[in-house]
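Participant: The structure is given below, and queries will be raised subsequently.
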Amino acid sequence: MRTSPAVGTTAAPGRRRRIGTVFAAAAALAFAGFGTAVQAGAATAAPAGATWAKTPCATPKHQGELACNSLRVTGGLTAFQQEQAARTGITPKAANASTPSGYGPSDLQAAYGLTSAAASKGSGETIAIVDAYNDPNAEADLAKYRSYYGLPACTKASGCFKQVSQTGSTTSLPSSDAGWSEEISLDLDMASAICPNCNILLVEATTPTMANLGTAVNEAVKLGAKFVSNSYGGSESSSDSSYDSSYFNHPGVAITVSAGDSGYGAEYPAASQYVTAVGGTALKKASTTRGWSETVWNTSSTEGTGSGCSAYDAKPSWQTDTGCAKRTIADVSAVADPATGVSVYDSYGITAGWYTFGGTSASSPIIASVYALAGTPSSGSYPAKFPYAKAGTTALNDVTSGSNGSCSTSYLCTARSGYDGPTGLGTPAGVSAFTG
């Protein structure tokens with residue numbers, strides 16, 4: 001577990017977002033992939049481990065809005081760059097937008113046993129990305145990412161990429177927003193990295209309220225998507241059961257939701273009984289048979305992957321752990337630590353170029369895309385159930401070390417063998433845990 005002393009806090013307004021982010025300042029260990037969070041606008045440390053800050057959409061602008069779950073590296077060296085330096089003897093430039101500084105498609109596919117599936121599967125499947133506001137550069141930025149990594153083109157003209165409002169309009173889109181555009185670029189690039197043969201549907205909500213984002217989820221399903229990624233969240237409320245039935249109860253559709261970036265504690269809609277709640281890990285190369293290792297992503301007591309017990313949502317029948325009377329978060333996990341983050345191309349409202357992102361905003365579209373590689377879910381099924389049928393098998397990488405905070409029932413905040421809150425049943429080892 002990564003711990004570091006707190007140097008500041010940033011409180012966010014709005015009932016829907018549980019934020020108390022305490023940013024850390026500690027020297028990173030060379031070539032360990034560790035990093036520290038820095039308060040937005042603060043000076044970054046000398047190039048060593050990565051430093052990062054919340055993306056602008058991670059702080060809601062208005063009461064009742066949800067927040068994206070992403071962080072962007074602002075300085076230092078990521079795990080990817082440290083591995084490059086160790087291999088070549090040349091230290092890369094820190095936070096250099098001219099070249100990728102995070103894991104790319106081949107890294108992620110290799111880490112999760114998806115190389116063969118990514119090459120041969122996904123054709124005809126549609127992954128929906130639900131976010132707020134409009135990214136006017138979405139198609140162009142997506143083209144840059146896919147071209148750089150040698151992925152097939154995915155354009156509006158070809159029908160591979162579609163960008164619509166929450167009502168399905170392709171012409172009357174929401175107002176543009178630079179912060180949410182960073183989130184959109186992250187989500188689109190992760191879908192591309194894992195399932196390069198899939199079609200991508202971007203559904204843009206008018207604002208990041210649950211009503212508008214939920215309407216966008218319904219529109220994604222209406223337009224035929226069987227895989228819907230949601231990289232946002234906020235505080236639970238007594239209204240969540242009605243949101244469940246209104247927006248997330250879609251049998252035969254795999255709906256993934258990021259577990260949150262504020263450490264131990266439940267968020268909605270990750271707490272919905274109908275979705276796959278996706279936790280976050282730190283991912284590094286290792287001298288093992290797999291070639292990679294993972295631990296719980298944790299920066300401090302208030303920054304890391306979310307987990308915990310829902311206060312309102314019923315426990316789905318396939319979830320049998322005894323520490324929560326109601327829904328337990330998470331179900332599965334994937335890379336989310338900014339220090340071991342993923343490469344993204346973005347240009348709207350920011351210097352055009354390559355950035356490294358983390359947060360469970362990265363892990364949600366990764367898992368949605370693994371479901372897409374696994375194939376269309378069976379009619380009437382709840383795909384959140386699928387990984388539970390493969391618990392304890394080689395279909396999942398069991399994450400057994402790290403913690404995301406303190407809790408009275410240890411497995412809800414501390415990794416262990418088998419199911420635990422921060423990483424769920426583990427991370428993908430191929431696609432077989434995501435079929436059904």
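Residue numbering restarts at 1 in every chain; chains get A, B, ... in the order shown in the structure tokens, and ligands count up from 1 in that same order.
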So which bits of stretch 284-335 of chain A end up strand (DSSP E or B) when you DSSP the backbone, as a list in words?
Facilitator: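 Put together, the selection reads Lys284, Lys285, Trp292, Ser293, Glu294, Thr295, Val296, Asn298, Thr299, Ser300, Glu303, Gly304, Thr305, Gly306, Ser307, Gly308, Cys309, Thr328, Ile329, Val332, Ser333, Ala334 and Val335 of chain A.
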Participant: For A:Val431, work out the shell of residues within 8 Å, counting only C-alpha atoms and skipping chain neighbours fewer than 4 positions away, then give it as an mmCIF file with C-alpha atoms, in the first residue's frame.
Facilitator:
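Saved as out_17.cif:
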```
data_model
loop_
_atom_site.group_PDB
_atom_site.id
_atom_site.type_symbol
_atom_site.label_atom_id
_atom_site.label_comp_id
_atom_site.auth_asym_id
_atom_site.auth_seq_id
_atom_site.Cartn_x
_atom_site.Cartn_y
_atom_site.Cartn_z
ATOM 1 C CA LEU A 114 -6.414 -10.112 -24.121
ATOM 2 C CA ALA A 117 -9.078 -11.693 -28.293
ATOM 3 C CA VAL A 370 -13.558 -6.890 -21.963
ATOM 4 C CA TYR A 371 -17.266 -7.726 -21.831
ATOM 5 C CA LEU A 373 -14.626 -9.012 -26.420
ATOM 6 C CA ALA A 374 -16.451 -11.792 -24.581
ATOM 7 C CA ALA A 395 -10.090 -16.636 -15.435
ATOM 8 C CA THR A 435 -19.279 -14.430 -20.733
#
```
Participant: So which residues touch A:Ser262 within 6 Å, counting only C-alpha atoms, skipping near sequence neighbours fewer than 6 positions away, as a compact mmCIF listing (two decimals) with all heavy atoms, in the first residue's frame?
Facilitator:
```txt
# COMPACT_ATOMS: atom_id res chain seq x y z
N THR A 302 -7.73 9.25 1.59
CA THR A 302 -8.86 9.84 0.85
C THR A 302 -8.63 9.87 -0.65
O THR A 302 -9.36 10.56 -1.37
CB THR A 302 -9.15 11.27 1.36
OG1 THR A 302 -7.95 12.03 1.35
CG2 THR A 302 -9.74 11.23 2.75
N GLU A 303 -7.63 9.17 -1.14
CA GLU A 303 -7.46 9.04 -2.58
C GLU A 303 -7.03 7.63 -2.90
O GLU A 303 -5.98 7.15 -2.47
CB GLU A 303 -6.44 10.03 -3.14
CG GLU A 303 -6.37 9.96 -4.67
CD GLU A 303 -5.41 10.97 -5.26
OE1 GLU A 303 -5.76 12.15 -5.29
OE2 GLU A 303 -4.31 10.57 -5.66
N GLY A 304 -7.86 6.98 -3.68
CA GLY A 304 -7.62 5.60 -4.07
C GLY A 304 -8.94 5.01 -4.54
O GLY A 304 -9.97 5.69 -4.58
```
Participant: Could you work out how far atom CA of A:Ala220 lies from atom CA of A:Leu201, giving the answer in Å with one decimal?
Facilitator: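 Between atom CA of A:Leu201 and atom CA of A:Ala220 the gap is 7.5 Å.
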Participant: Could you pull the residues within 9 Å of A:Tyr268, counting only C-alpha atoms, minus those fewer than 5 positions along the same chain, as a VMD selection string?
Facilitator: chain A and resid 16 232 to 237 240 257 259 to 260 310
Participant: For the residues selected in the previous step, produce a file with N, CA and C atoms as an mmCIF file, in the first residue's frame.
Facilitator:
```
data_model
loop_
_atom_site.group_PDB
_atom_site.id
_atom_site.type_symbol
_atom_site.label_atom_id
_atom_site.label_comp_id
_atom_site.auth_asym_id
_atom_site.auth_seq_id
_atom_site.Cartn_x
_atom_site.Cartn_y
_atom_site.Cartn_z
ATOM 1 N N ARG A 16 -24.091 15.131 -4.597
ATOM 2 C CA ARG A 16 -23.831 13.894 -5.305
ATOM 3 C C ARG A 16 -22.367 13.490 -5.320
ATOM 4 N N TYR A 232 -18.247 7.905 -13.646
ATOM 5 C CA TYR A 232 -18.635 9.020 -12.785
ATOM 6 C C TYR A 232 -19.329 8.466 -11.547
ATOM 7 N N GLY A 233 -19.496 9.312 -10.539
ATOM 8 C CA GLY A 233 -20.181 8.873 -9.340
ATOM 9 C C GLY A 233 -20.388 10.000 -8.367
ATOM 10 N N GLY A 234 -21.095 9.693 -7.296
ATOM 11 C CA GLY A 234 -21.366 10.655 -6.248
ATOM 12 C C GLY A 234 -21.911 9.968 -5.016
ATOM 13 N N SER A 235 -22.271 10.737 -4.034
ATOM 14 C CA SER A 235 -22.785 10.194 -2.784
ATOM 15 C C SER A 235 -24.074 9.417 -3.015
ATOM 16 N N GLU A 236 -24.271 8.406 -2.197
ATOM 17 C CA GLU A 236 -25.526 7.672 -2.240
ATOM 18 C C GLU A 236 -26.666 8.538 -1.693
ATOM 19 N N SER A 237 -27.893 8.168 -2.056
ATOM 20 C CA SER A 237 -29.069 8.844 -1.518
ATOM 21 C C SER A 237 -30.233 7.872 -1.496
ATOM 22 N N ASP A 240 -31.721 6.319 -4.766
ATOM 23 C CA ASP A 240 -30.966 5.417 -5.624
ATOM 24 C C ASP A 240 -31.783 4.226 -6.112
ATOM 25 N N VAL A 257 -19.487 0.620 -14.026
ATOM 26 C CA VAL A 257 -19.418 1.908 -13.354
ATOM 27 C C VAL A 257 -18.164 1.967 -12.498
ATOM 28 N N ALA A 259 -15.768 2.691 -9.432
ATOM 29 C CA ALA A 259 -16.055 2.583 -8.005
ATOM 30 C C ALA A 259 -15.759 3.855 -7.238
ATOM 31 N N GLY A 260 -15.052 4.810 -7.848
ATOM 32 C CA GLY A 260 -14.718 6.059 -7.169
ATOM 33 C C GLY A 260 -13.244 6.189 -6.890
ATOM 34 N N SER A 310 -23.142 -0.476 0.366
ATOM 35 C CA SER A 310 -24.196 0.468 0.041
ATOM 36 C C SER A 310 -25.132 0.621 1.239
#
```
Participant: With distances taken over only C-alpha atoms, which residue among A:Gly49, A:Gly421, A:Pro383, A:Gly122 lies nearest A:Cys309?
Facilitator: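 When distances to A:Cys309 are compared using only C-alpha atoms, the smallest one comes from A:Gly421.
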Participant: For atom CA of A:Ala336 and atom CA of A:Trp297, determine how far apart the two atoms are, in Å to one decimal place.
Facilitator: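 Taking atom CA of A:Ala336 as the start and atom CA of A:Trp297 as the end point, the length is 6.7 Å.
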Participant: Just the number, please: distance in Å from atom CA of A:Cys160 to atom CA of A:Gly102, one decimal.
Facilitator: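 Atom CA of A:Cys160 sits 25.4 Å away from atom CA of A:Gly102.
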Participant: Quick one: of A:Arg327, A:Lys385, A:Arg416, A:Arg146, who's nearest to A:Ser307, counting only C-alpha atoms?
Facilitator: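 For A:Ser307, the nearest of the given residues is A:Arg327.
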Participant: Name the residues of stretch 21-227 of chain A that come out as helix (DSSP H, G or I) in a backbone DSSP run; write them as a PyMOL selection string.
Facilitator: chain A and resi 56-58+79-88+105-111+115-120+138-148+178-194+210-222
Participant: So which residues touch A:Gly375 within 12 Å, counting only C-alpha atoms, skipping near sequence neighbours fewer than 2 positions away, as a PyMOL selection string?
Facilitator: chain A and resi 117-118+120-127+195+198+225-227+252-254+368-373+377-378+383+431-436
